[in-house]
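S.K.: This is the content of run.cif (mmCIF, N, CA and C atoms and all ligand atoms):
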data_structure
loop_
_atom_site.group_PDB
_atom_site.id
_atom_site.type_symbol
_atom_site.label_atom_id
_atom_site.label_comp_id
_atom_site.auth_asym_id
_atom_site.auth_seq_id
_atom_site.Cartn_x
_atom_site.Cartn_y
_atom_site.Cartn_z
ATOM 1 N N MET S 70 -26.140 26.579 8.946
ATOM 2 C CA MET S 70 -25.307 25.380 9.104
ATOM 3 C C MET S 70 -25.977 24.209 8.395
ATOM 4 N N THR S 71 -25.202 23.450 7.658
ATOM 5 C CA THR S 71 -25.737 22.243 7.030
ATOM 6 C C THR S 71 -25.820 21.150 8.087
ATOM 7 N N ARG S 72 -26.932 20.463 8.113
ATOM 8 C CA ARG S 72 -27.068 19.368 9.071
ATOM 9 C C ARG S 72 -26.248 18.181 8.572
ATOM 10 N N PRO S 73 -25.357 17.650 9.432
ATOM 11 C CA PRO S 73 -24.564 16.497 9.006
ATOM 12 C C PRO S 73 -25.469 15.319 8.657
ATOM 13 N N SER S 74 -24.927 14.411 7.876
ATOM 14 C CA SER S 74 -25.711 13.273 7.421
ATOM 15 C C SER S 74 -26.107 12.353 8.562
ATOM 16 N N ALA S 75 -27.335 11.847 8.497
ATOM 17 C CA ALA S 75 -27.799 10.867 9.476
ATOM 18 C C ALA S 75 -27.670 9.454 8.919
ATOM 19 N N ASN S 76 -26.794 9.294 7.905
ATOM 20 C CA ASN S 76 -26.508 7.945 7.407
ATOM 21 C C ASN S 76 -25.634 7.204 8.400
ATOM 22 N N HIS S 77 -25.916 5.942 8.552
ATOM 23 C CA HIS S 77 -25.175 5.127 9.502
ATOM 24 C C HIS S 77 -23.705 4.996 9.098
ATOM 25 N N ILE S 78 -22.789 5.268 10.041
ATOM 26 C CA ILE S 78 -21.362 5.020 9.792
ATOM 27 C C ILE S 78 -20.805 3.996 10.787
ATOM 28 N N GLY S 79 -21.388 3.944 11.988
ATOM 29 C CA GLY S 79 -20.950 2.982 12.995
ATOM 30 C C GLY S 79 -19.899 3.542 13.942
ATOM 31 N N ALA S 80 -19.918 3.044 15.165
ATOM 32 C CA ALA S 80 -19.031 3.544 16.217
ATOM 33 C C ALA S 80 -17.555 3.355 15.867
ATOM 34 N N ALA S 81 -17.220 2.216 15.262
ATOM 35 C CA ALA S 81 -15.815 1.929 14.956
ATOM 36 C C ALA S 81 -15.247 2.924 13.952
ATOM 37 N N ALA S 82 -16.076 3.396 13.042
ATOM 38 C CA ALA S 82 -15.620 4.370 12.048
ATOM 39 C C ALA S 82 -15.494 5.765 12.659
ATOM 40 N N ALA S 83 -16.282 6.029 13.669
ATOM 41 C CA ALA S 83 -16.269 7.362 14.301
ATOM 42 C C ALA S 83 -15.109 7.529 15.274
ATOM 43 N N LEU S 84 -14.726 6.449 15.928
ATOM 44 C CA LEU S 84 -13.760 6.521 17.027
ATOM 45 C C LEU S 84 -12.380 7.102 16.684
ATOM 46 N N PRO S 85 -11.811 6.768 15.529
ATOM 47 C CA PRO S 85 -10.499 7.346 15.197
ATOM 48 C C PRO S 85 -10.507 8.871 15.202
ATOM 49 N N ARG S 86 -11.661 9.461 14.954
ATOM 50 C CA ARG S 86 -11.758 10.928 14.962
ATOM 51 C C ARG S 86 -12.122 11.460 16.333
ATOM 52 N N LEU S 87 -12.389 10.562 17.278
ATOM 53 C CA LEU S 87 -12.808 10.971 18.623
ATOM 54 C C LEU S 87 -12.004 10.195 19.666
ATOM 55 N N PRO S 88 -10.716 10.515 19.812
ATOM 56 C CA PRO S 88 -9.814 9.698 20.627
ATOM 57 C C PRO S 88 -10.231 9.538 22.090
ATOM 58 N N SER S 89 -10.952 10.493 22.641
ATOM 59 C CA SER S 89 -11.289 10.406 24.063
ATOM 60 C C SER S 89 -12.644 9.722 24.314
ATOM 61 N N TRP S 90 -13.263 9.238 23.249
ATOM 62 C CA TRP S 90 -14.560 8.566 23.381
ATOM 63 C C TRP S 90 -14.362 7.053 23.302
ATOM 64 N N THR S 91 -15.309 6.287 23.811
ATOM 65 C CA THR S 91 -15.223 4.831 23.740
ATOM 66 C C THR S 91 -16.515 4.258 23.151
ATOM 67 N N ILE S 92 -16.415 3.016 22.697
ATOM 68 C CA ILE S 92 -17.558 2.329 22.110
ATOM 69 C C ILE S 92 -18.393 1.698 23.224
ATOM 70 N N VAL S 93 -19.694 1.791 23.101
ATOM 71 C CA VAL S 93 -20.605 1.197 24.072
ATOM 72 C C VAL S 93 -20.735 -0.299 23.792
ATOM 73 N N GLU S 94 -20.693 -1.096 24.847
ATOM 74 C CA GLU S 94 -20.873 -2.546 24.723
ATOM 75 C C GLU S 94 -22.323 -2.878 24.359
ATOM 76 N N GLY S 95 -22.500 -3.696 23.346
ATOM 77 C CA GLY S 95 -23.829 -4.209 23.053
ATOM 78 C C GLY S 95 -24.769 -3.252 22.352
ATOM 79 N N ARG S 96 -24.223 -2.138 21.893
ATOM 80 C CA ARG S 96 -25.070 -1.165 21.192
ATOM 81 C C ARG S 96 -24.182 -0.312 20.308
ATOM 82 N N ASP S 97 -24.629 0.046 19.123
ATOM 83 C CA ASP S 97 -23.823 0.905 18.265
ATOM 84 C C ASP S 97 -23.981 2.351 18.733
ATOM 85 N N ALA S 98 -23.093 2.734 19.662
ATOM 86 C CA ALA S 98 -23.148 4.066 20.268
ATOM 87 C C ALA S 98 -21.771 4.388 20.833
ATOM 88 N N ILE S 99 -21.534 5.662 21.104
ATOM 89 C CA ILE S 99 -20.266 6.075 21.714
ATOM 90 C C ILE S 99 -20.549 6.772 23.031
ATOM 91 N N GLN S 100 -19.567 6.737 23.931
ATOM 92 C CA GLN S 100 -19.798 7.313 25.247
ATOM 93 C C GLN S 100 -18.565 8.036 25.774
ATOM 94 N N LYS S 101 -18.811 8.957 26.672
ATOM 95 C CA LYS S 101 -17.728 9.665 27.361
ATOM 96 C C LYS S 101 -18.287 10.258 28.650
ATOM 97 N N THR S 102 -17.458 10.279 29.691
ATOM 98 C CA THR S 102 -17.852 10.939 30.931
ATOM 99 C C THR S 102 -17.053 12.227 31.091
ATOM 100 N N PHE S 103 -17.763 13.330 31.222
ATOM 101 C CA PHE S 103 -17.134 14.639 31.437
ATOM 102 C C PHE S 103 -17.183 14.983 32.906
ATOM 103 N N LYS S 104 -16.074 15.530 33.415
ATOM 104 C CA LYS S 104 -16.019 15.975 34.817
ATOM 105 C C LYS S 104 -15.733 17.461 34.857
ATOM 106 N N PHE S 105 -16.458 18.163 35.691
ATOM 107 C CA PHE S 105 -16.293 19.606 35.814
ATOM 108 C C PHE S 105 -15.947 19.965 37.258
ATOM 109 N N THR S 106 -15.689 21.246 37.487
ATOM 110 C CA THR S 106 -15.302 21.641 38.853
ATOM 111 C C THR S 106 -16.484 21.549 39.813
ATOM 112 N N ASP S 107 -17.678 21.809 39.315
ATOM 113 C CA ASP S 107 -18.854 21.790 40.185
ATOM 114 C C ASP S 107 -20.126 21.640 39.346
ATOM 115 N N PHE S 108 -21.261 21.657 39.980
ATOM 116 C CA PHE S 108 -22.536 21.486 39.278
ATOM 117 C C PHE S 108 -22.797 22.631 38.307
ATOM 118 N N ASN S 109 -22.420 23.839 38.705
ATOM 119 C CA ASN S 109 -22.653 24.996 37.856
ATOM 120 C C ASN S 109 -21.958 24.846 36.497
ATOM 121 N N ALA S 110 -20.717 24.385 36.532
ATOM 122 C CA ALA S 110 -19.954 24.184 35.296
ATOM 123 C C ALA S 110 -20.565 23.048 34.481
ATOM 124 N N ALA S 111 -20.981 21.982 35.152
ATOM 125 C CA ALA S 111 -21.586 20.850 34.448
ATOM 126 C C ALA S 111 -22.892 21.278 33.782
ATOM 127 N N PHE S 112 -23.693 22.035 34.505
ATOM 128 C CA PHE S 112 -24.985 22.431 33.955
ATOM 129 C C PHE S 112 -24.816 23.474 32.846
ATOM 130 N N GLY S 113 -23.786 24.312 32.959
ATOM 131 C CA GLY S 113 -23.488 25.266 31.889
ATOM 132 C C GLY S 113 -23.131 24.534 30.602
ATOM 133 N N PHE S 114 -22.337 23.483 30.739
ATOM 134 C CA PHE S 114 -21.992 22.616 29.605
ATOM 135 C C PHE S 114 -23.266 22.037 28.985
ATOM 136 N N MET S 115 -24.129 21.509 29.815
ATOM 137 C CA MET S 115 -25.355 20.890 29.317
ATOM 138 C C MET S 115 -26.259 21.914 28.621
ATOM 139 N N ALA S 116 -26.267 23.120 29.145
ATOM 140 C CA ALA S 116 -27.097 24.173 28.529
ATOM 141 C C ALA S 116 -26.591 24.521 27.135
ATOM 142 N N GLN S 117 -25.273 24.609 26.986
ATOM 143 C CA GLN S 117 -24.704 24.900 25.662
ATOM 144 C C GLN S 117 -24.997 23.769 24.682
ATOM 145 N N VAL S 118 -24.863 22.532 25.163
ATOM 146 C CA VAL S 118 -25.142 21.376 24.306
ATOM 147 C C VAL S 118 -26.620 21.345 23.920
ATOM 148 N N ALA S 119 -27.471 21.717 24.865
ATOM 149 C CA ALA S 119 -28.917 21.702 24.600
ATOM 150 C C ALA S 119 -29.266 22.641 23.443
ATOM 151 N N LEU S 120 -28.581 23.775 23.365
ATOM 152 C CA LEU S 120 -28.859 24.720 22.269
ATOM 153 C C LEU S 120 -28.498 24.111 20.919
ATOM 154 N N LEU S 121 -27.346 23.440 20.847
ATOM 155 C CA LEU S 121 -26.970 22.778 19.592
ATOM 156 C C LEU S 121 -27.942 21.638 19.283
ATOM 157 N N ALA S 122 -28.315 20.898 20.326
ATOM 158 C CA ALA S 122 -29.220 19.752 20.137
ATOM 159 C C ALA S 122 -30.531 20.194 19.491
ATOM 160 N N GLU S 123 -31.056 21.304 19.944
ATOM 161 C CA GLU S 123 -32.306 21.800 19.375
ATOM 162 C C GLU S 123 -32.101 22.280 17.939
ATOM 163 N N LYS S 124 -30.941 22.932 17.717
ATOM 164 C CA LYS S 124 -30.641 23.481 16.403
ATOM 165 C C LYS S 124 -30.539 22.390 15.335
ATOM 166 N N ILE S 125 -29.903 21.280 15.680
ATOM 167 C CA ILE S 125 -29.711 20.224 14.673
ATOM 168 C C ILE S 125 -30.681 19.056 14.886
ATOM 169 N N ASP S 126 -31.599 19.222 15.817
ATOM 170 C CA ASP S 126 -32.592 18.181 16.123
ATOM 171 C C ASP S 126 -31.916 16.839 16.387
ATOM 172 N N HIS S 127 -30.942 16.898 17.270
ATOM 173 C CA HIS S 127 -30.214 15.680 17.621
ATOM 174 C C HIS S 127 -29.853 15.777 19.100
ATOM 175 N N HIS S 128 -30.335 14.797 19.882
ATOM 176 C CA HIS S 128 -30.310 14.960 21.334
ATOM 177 C C HIS S 128 -29.518 13.858 22.025
ATOM 178 N N PRO S 129 -28.652 14.254 22.933
ATOM 179 C CA PRO S 129 -27.839 13.246 23.624
ATOM 180 C C PRO S 129 -28.645 12.465 24.660
ATOM 181 N N GLU S 130 -28.185 11.264 24.960
ATOM 182 C CA GLU S 130 -28.645 10.554 26.156
ATOM 183 C C GLU S 130 -27.591 10.873 27.192
ATOM 184 N N TRP S 131 -27.987 11.376 28.327
ATOM 185 C CA TRP S 131 -26.990 11.743 29.327
ATOM 186 C C TRP S 131 -27.539 11.653 30.724
ATOM 187 N N PHE S 132 -26.592 11.607 31.657
ATOM 188 C CA PHE S 132 -26.920 11.435 33.071
ATOM 189 C C PHE S 132 -25.986 12.342 33.855
ATOM 190 N N ASN S 133 -26.568 13.161 34.697
ATOM 191 C CA ASN S 133 -25.766 14.126 35.450
ATOM 192 C C ASN S 133 -25.910 13.906 36.951
ATOM 193 N N VAL S 134 -24.785 13.854 37.630
ATOM 194 C CA VAL S 134 -24.769 13.950 39.087
ATOM 195 C C VAL S 134 -23.708 14.965 39.458
ATOM 196 N N TYR S 135 -24.114 16.027 40.111
ATOM 197 C CA TYR S 135 -23.220 17.103 40.548
ATOM 198 C C TYR S 135 -22.298 17.581 39.416
ATOM 199 N N ASN S 136 -21.006 17.208 39.467
ATOM 200 C CA ASN S 136 -20.046 17.742 38.482
ATOM 201 C C ASN S 136 -19.759 16.769 37.341
ATOM 202 N N ARG S 137 -20.507 15.673 37.289
ATOM 203 C CA ARG S 137 -20.228 14.623 36.309
ATOM 204 C C ARG S 137 -21.374 14.527 35.302
ATOM 205 N N VAL S 138 -21.012 14.454 34.013
ATOM 206 C CA VAL S 138 -22.031 14.264 32.967
ATOM 207 C C VAL S 138 -21.606 13.058 32.129
ATOM 208 N N GLU S 139 -22.383 11.989 32.233
ATOM 209 C CA GLU S 139 -22.131 10.795 31.418
ATOM 210 C C GLU S 139 -22.959 10.917 30.146
ATOM 211 N N VAL S 140 -22.267 10.840 29.006
ATOM 212 C CA VAL S 140 -22.939 11.058 27.720
ATOM 213 C C VAL S 140 -22.898 9.794 26.867
ATOM 214 N N LEU S 141 -24.007 9.475 26.236
ATOM 215 C CA LEU S 141 -24.060 8.416 25.222
ATOM 216 C C LEU S 141 -24.651 9.036 23.970
ATOM 217 N N LEU S 142 -23.970 8.823 22.832
ATOM 218 C CA LEU S 142 -24.444 9.375 21.564
ATOM 219 C C LEU S 142 -24.734 8.271 20.566
ATOM 220 N N ALA S 143 -25.914 8.337 19.972
ATOM 221 C CA ALA S 143 -26.319 7.447 18.887
ATOM 222 C C ALA S 143 -27.458 8.132 18.165
ATOM 223 N N THR S 144 -27.685 7.706 16.938
ATOM 224 C CA THR S 144 -28.794 8.264 16.164
ATOM 225 C C THR S 144 -29.884 7.208 16.096
ATOM 226 N N HIS S 145 -30.955 7.445 16.800
ATOM 227 C CA HIS S 145 -31.996 6.424 16.925
ATOM 228 C C HIS S 145 -32.608 6.109 15.560
ATOM 229 N N ASP S 146 -32.794 7.165 14.769
ATOM 230 C CA ASP S 146 -33.387 6.973 13.437
ATOM 231 C C ASP S 146 -32.532 6.055 12.559
ATOM 232 N N ALA S 147 -31.220 6.017 12.816
ATOM 233 C CA ALA S 147 -30.306 5.221 11.988
ATOM 234 C C ALA S 147 -29.862 3.946 12.704
ATOM 235 N N ASN S 148 -30.353 3.742 13.908
ATOM 236 C CA ASN S 148 -29.963 2.568 14.683
ATOM 237 C C ASN S 148 -28.467 2.481 14.936
ATOM 238 N N GLY S 149 -27.813 3.622 15.130
ATOM 239 C CA GLY S 149 -26.377 3.591 15.403
ATOM 240 C C GLY S 149 -25.749 4.957 15.220
ATOM 241 N N VAL S 150 -24.432 4.946 15.078
ATOM 242 C CA VAL S 150 -23.669 6.198 15.036
ATOM 243 C C VAL S 150 -23.651 6.785 13.627
ATOM 244 N N THR S 151 -23.845 8.105 13.558
ATOM 245 C CA THR S 151 -23.810 8.839 12.291
ATOM 246 C C THR S 151 -22.927 10.078 12.460
ATOM 247 N N GLU S 152 -22.802 10.847 11.375
ATOM 248 C CA GLU S 152 -22.036 12.096 11.442
ATOM 249 C C GLU S 152 -22.648 13.091 12.434
ATOM 250 N N LEU S 153 -23.929 12.961 12.697
ATOM 251 C CA LEU S 153 -24.554 13.830 13.697
ATOM 252 C C LEU S 153 -23.927 13.600 15.068
ATOM 253 N N ASP S 154 -23.621 12.339 15.375
ATOM 254 C CA ASP S 154 -23.004 12.010 16.661
ATOM 255 C C ASP S 154 -21.561 12.499 16.717
ATOM 256 N N VAL S 155 -20.852 12.380 15.592
ATOM 257 C CA VAL S 155 -19.479 12.890 15.534
ATOM 258 C C VAL S 155 -19.477 14.402 15.766
ATOM 259 N N LYS S 156 -20.392 15.076 15.120
ATOM 260 C CA LYS S 156 -20.468 16.530 15.281
ATOM 261 C C LYS S 156 -20.767 16.910 16.726
ATOM 262 N N MET S 157 -21.733 16.214 17.306
ATOM 263 C CA MET S 157 -22.108 16.489 18.694
ATOM 264 C C MET S 157 -20.939 16.213 19.640
ATOM 265 N N ALA S 158 -20.247 15.114 19.418
ATOM 266 C CA ALA S 158 -19.106 14.756 20.268
ATOM 267 C C ALA S 158 -17.996 15.801 20.151
ATOM 268 N N GLN S 159 -17.708 16.213 18.924
ATOM 269 C CA GLN S 159 -16.645 17.209 18.719
ATOM 270 C C GLN S 159 -17.020 18.540 19.361
ATOM 271 N N PHE S 160 -18.300 18.889 19.283
ATOM 272 C CA PHE S 160 -18.743 20.127 19.925
ATOM 273 C C PHE S 160 -18.582 20.019 21.442
ATOM 274 N N MET S 161 -18.979 18.902 22.020
ATOM 275 C CA MET S 161 -18.836 18.710 23.473
ATOM 276 C C MET S 161 -17.374 18.829 23.887
ATOM 277 N N ASP S 162 -16.485 18.178 23.141
ATOM 278 C CA ASP S 162 -15.052 18.254 23.451
ATOM 279 C C ASP S 162 -14.565 19.702 23.372
ATOM 280 N N SER S 163 -15.076 20.448 22.409
ATOM 281 C CA SER S 163 -14.562 21.802 22.184
ATOM 282 C C SER S 163 -14.995 22.793 23.275
ATOM 283 N N ILE S 164 -16.109 22.513 23.930
ATOM 284 C CA ILE S 164 -16.561 23.459 24.969
ATOM 285 C C ILE S 164 -16.273 22.980 26.393
ATOM 286 N N ALA S 165 -15.915 21.719 26.563
ATOM 287 C CA ALA S 165 -15.619 21.214 27.920
ATOM 288 C C ALA S 165 -14.236 21.699 28.326
ATOM 289 N N SER S 166 -14.128 22.238 29.532
ATOM 290 C CA SER S 166 -12.812 22.774 29.944
ATOM 291 C C SER S 166 -12.100 21.831 30.900
HETATM 292 C C1 LIG S 201 -38.655 13.191 15.311
HETATM 293 C C2 LIG S 201 -37.299 13.766 15.549
HETATM 294 O O1 LIG S 201 -36.772 14.350 14.401
HETATM 295 C C3 LIG S 201 -36.345 12.699 15.999
HETATM 296 O O2 LIG S 201 -36.844 12.044 17.133
HETATM 297 C C4 LIG S 201 -34.942 13.179 16.234
HETATM 298 C C5 LIG S 201 -34.794 14.001 17.487
HETATM 299 N N1 LIG S 201 -33.550 13.775 18.212
HETATM 300 C C6 LIG S 201 -32.799 12.700 17.999
HETATM 301 N N2 LIG S 201 -31.747 12.460 18.744
HETATM 302 C C7 LIG S 201 -31.000 11.398 18.567
HETATM 303 N N3 LIG S 201 -29.921 11.203 19.354
HETATM 304 N N4 LIG S 201 -31.289 10.502 17.625
HETATM 305 C C8 LIG S 201 -32.336 10.653 16.806
HETATM 306 O O3 LIG S 201 -32.571 9.822 15.950
HETATM 307 C C9 LIG S 201 -33.137 11.807 16.967
HETATM 308 N N5 LIG S 201 -34.143 12.013 16.184
#
Could you spell out this file's structure in structure tokens?

M.R.:
Amino acid sequence: MTRPSANHIGAAAALPRLPSWTIVEGRDAIQKTFKFTDFNAAFGFMAQVALLAEKIDHHPEWFNVYNRVEVLLATHDANGVTELDVKMAQFMDSIAS
């Protein structure tokens, strides 16, 4: 797999391709809260994302309580949103049920 570009594109440019995500206030980042049936489903989601994160060396900021996973995506090296974040967001959407 080719690693997507880590060039800065910005949250506003990413959002049209990610309709269910929102822009973070005061920071160039995007966010979404995922809800699952239970902790097992939430943690299964996180485990799948963790495998991609290691593969592309790009890691989400997230917070989990029981069936809820709050995700924030940004590329620290670029000080904002890049194609890596778009890819990660699209992958999360594709595996969340
Ligand atoms: C040194 C290492 O390549 C970097 O810290 C990687 C790892 N994971 C990362 N994750 C995210 N979200 N942004 C980064 O800039 C980033 N950089």

S.K.: As a PyMOL selection string, please: all residues of stretch 72-149 of chain S that backbone DSSP puts in helix (DSSP H, G or I).

M.R.: chain S and resi 80-86+108-125+145-147

S.K.: Applying 8 Å and all atoms listed in the file, which residues near S:Thr106 remain after dropping the ones on its own chain fewer than 5 positions away? List them as a list in words.

M.R.: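 Those residues are Ala111, Tyr135, Asn136, Arg137 and Ser166 of chain S.
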
S.K.: I'd like the residues picked by the PyMOL selection byres (((chain S and resi 73 and name CA) around 6) and not hetatm and name CA) written out as a PyMOL selection string, using the chain letters and numbers from the file.

M.R.: chain S and resi 72+74+152-153

S.K.: Please evaluate the PyMOL selection byres (((not hetatm)) within 7 of (chain S and resi 201)) against the structure above and give the resulting residues as number ranges by chain.

M.R.: S: 125-130, 142-148

S.K.: Nearest to S:Leu87: which of S:Val140, S:Ile164, S:Ala116, S:Ala158 is it, counting only C-alpha atoms?

M.R.: S:Ala158

S.K.: Identify, on the basis of only N, CA and C atoms, every residue whose closest approach to S:Ser89 does not exceed 8 Å; exclude the query and any residue fewer than 4 positions from it along the same chain; express the result as a list in words.

M.R.: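 So the residues in contact are Leu84, Pro85, Gln100, Lys101 and Thr102 of chain S.
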
S.K.: Next, the residues of the selection above should be written as a short mmCIF file (atom, residue, chain, number, x, y, z; two decimals), in the coordinates of the input with N, CA and C atoms.

M.R.:
data_model
loop_
_atom_site.label_atom_id
_atom_site.label_comp_id
_atom_site.auth_asym_id
_atom_site.auth_seq_id
_atom_site.Cartn_x
_atom_site.Cartn_y
_atom_site.Cartn_z
N LEU S 84 -14.73 6.45 15.93
CA LEU S 84 -13.76 6.52 17.03
C LEU S 84 -12.38 7.10 16.68
N PRO S 85 -11.81 6.77 15.53
CA PRO S 85 -10.50 7.35 15.20
C PRO S 85 -10.51 8.87 15.20
N GLN S 100 -19.57 6.74 23.93
CA GLN S 100 -19.80 7.31 25.25
C GLN S 100 -18.57 8.04 25.77
N LYS S 101 -18.81 8.96 26.67
CA LYS S 101 -17.73 9.66 27.36
C LYS S 101 -18.29 10.26 28.65
N THR S 102 -17.46 10.28 29.69
CA THR S 102 -17.85 10.94 30.93
C THR S 102 -17.05 12.23 31.09
#

S.K.: Which of these residues is nearest to S:Glu94, using only C-alpha atoms: S:Val155, S:Ala165, S:Val134, S:Ala80?

M.R.: S:Ala80

S.K.: Suppose you want the space between atom N of S:Trp131 and atom C of S:Gly79; what is it in Å?

M.R.: 18.3 Å

S.K.: Would you give me, as a short mmCIF file (atom, residue, chain, number, x, y, z; two decimals) with N, CA and C atoms, in the frame of the given file, the residues in chain S that DSSP reads as strand (DSSP E or B)?

M.R.:
data_model
loop_
_atom_site.label_atom_id
_atom_site.label_comp_id
_atom_site.auth_asym_id
_atom_site.auth_seq_id
_atom_site.Cartn_x
_atom_site.Cartn_y
_atom_site.Cartn_z
N HIS S 77 -25.92 5.94 8.55
CA HIS S 77 -25.18 5.13 9.50
C HIS S 77 -23.70 5.00 9.10
N THR S 91 -15.31 6.29 23.81
CA THR S 91 -15.22 4.83 23.74
C THR S 91 -16.52 4.26 23.15
N ILE S 92 -16.42 3.02 22.70
CA ILE S 92 -17.56 2.33 22.11
C ILE S 92 -18.39 1.70 23.22
N ILE S 99 -21.53 5.66 21.10
CA ILE S 99 -20.27 6.08 21.71
C ILE S 99 -20.55 6.77 23.03
N GLN S 100 -19.57 6.74 23.93
CA GLN S 100 -19.80 7.31 25.25
C GLN S 100 -18.57 8.04 25.77
N LYS S 101 -18.81 8.96 26.67
CA LYS S 101 -17.73 9.66 27.36
C LYS S 101 -18.29 10.26 28.65
N THR S 102 -17.46 10.28 29.69
CA THR S 102 -17.85 10.94 30.93
C THR S 102 -17.05 12.23 31.09
N PHE S 103 -17.76 13.33 31.22
CA PHE S 103 -17.13 14.64 31.44
C PHE S 103 -17.18 14.98 32.91
N LYS S 104 -16.07 15.53 33.42
CA LYS S 104 -16.02 15.98 34.82
C LYS S 104 -15.73 17.46 34.86
N GLU S 130 -28.18 11.26 24.96
CA GLU S 130 -28.64 10.55 26.16
C GLU S 130 -27.59 10.87 27.19
N TRP S 131 -27.99 11.38 28.33
CA TRP S 131 -26.99 11.74 29.33
C TRP S 131 -27.54 11.65 30.72
N PHE S 132 -26.59 11.61 31.66
CA PHE S 132 -26.92 11.44 33.07
C PHE S 132 -25.99 12.34 33.85
N ASN S 133 -26.57 13.16 34.70
CA ASN S 133 -25.77 14.13 35.45
C ASN S 133 -25.91 13.91 36.95
N VAL S 134 -24.78 13.85 37.63
CA VAL S 134 -24.77 13.95 39.09
C VAL S 134 -23.71 14.96 39.46
N ARG S 137 -20.51 15.67 37.29
CA ARG S 137 -20.23 14.62 36.31
C ARG S 137 -21.37 14.53 35.30
N VAL S 138 -21.01 14.45 34.01
CA VAL S 138 -22.03 14.26 32.97
C VAL S 138 -21.61 13.06 32.13
N GLU S 139 -22.38 11.99 32.23
CA GLU S 139 -22.13 10.80 31.42
C GLU S 139 -22.96 10.92 30.15
N VAL S 140 -22.27 10.84 29.01
CA VAL S 140 -22.94 11.06 27.72
C VAL S 140 -22.90 9.79 26.87
N LEU S 141 -24.01 9.48 26.24
CA LEU S 141 -24.06 8.42 25.22
C LEU S 141 -24.65 9.04 23.97
N LEU S 142 -23.97 8.82 22.83
CA LEU S 142 -24.44 9.38 21.56
C LEU S 142 -24.73 8.27 20.57
N THR S 144 -27.68 7.71 16.94
CA THR S 144 -28.79 8.26 16.16
C THR S 144 -29.88 7.21 16.10
N GLY S 149 -27.81 3.62 15.13
CA GLY S 149 -26.38 3.59 15.40
C GLY S 149 -25.75 4.96 15.22
N THR S 151 -23.84 8.10 13.56
CA THR S 151 -23.81 8.84 12.29
C THR S 151 -22.93 10.08 12.46
#

S.K.: For atom CA of S:Leu120 and atom CA of S:Asp154, determine how far apart the two atoms are, in Å to one decimal place.

M.R.: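 It comes out at 15.1 Å.
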
S.K.: Report the distance between atom CA of S:Phe112 and atom C of S:Pro88 in Å, rounded to one decimal place.

M.R.: 22.9 Å

S.K.: Just checking: using all atoms listed in the file, which residue out of S:Ala119, S:Ala75, S:Ala110, S:Arg86 ends up closest to S:Gln159?

M.R.: S:Arg86

S.K.: With all atoms listed in the file as the basis for distance, which of S:Ile99, S:Met157, S:Trp90, S:Lys104 is at the shortest distance from S:Leu121?

M.R.: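 Among the listed residues, the smallest separation from S:Leu121 belongs to S:Met157.
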
S.K.: Find, counting only N, CA and C atoms, the residue in S:Asp97, S:Lys156, S:Phe103, S:Ala83 that gets nearest to S:Glu139.

M.R.: S:Phe103

S.K.: Find, counting all atoms listed in the file, the residue in S:Ile92, S:Thr71, S:Ala98, S:Gly113 that gets nearest to S:Val150.

M.R.: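 Answer, going by the shortest atom-to-atom distance: S:Ala98.
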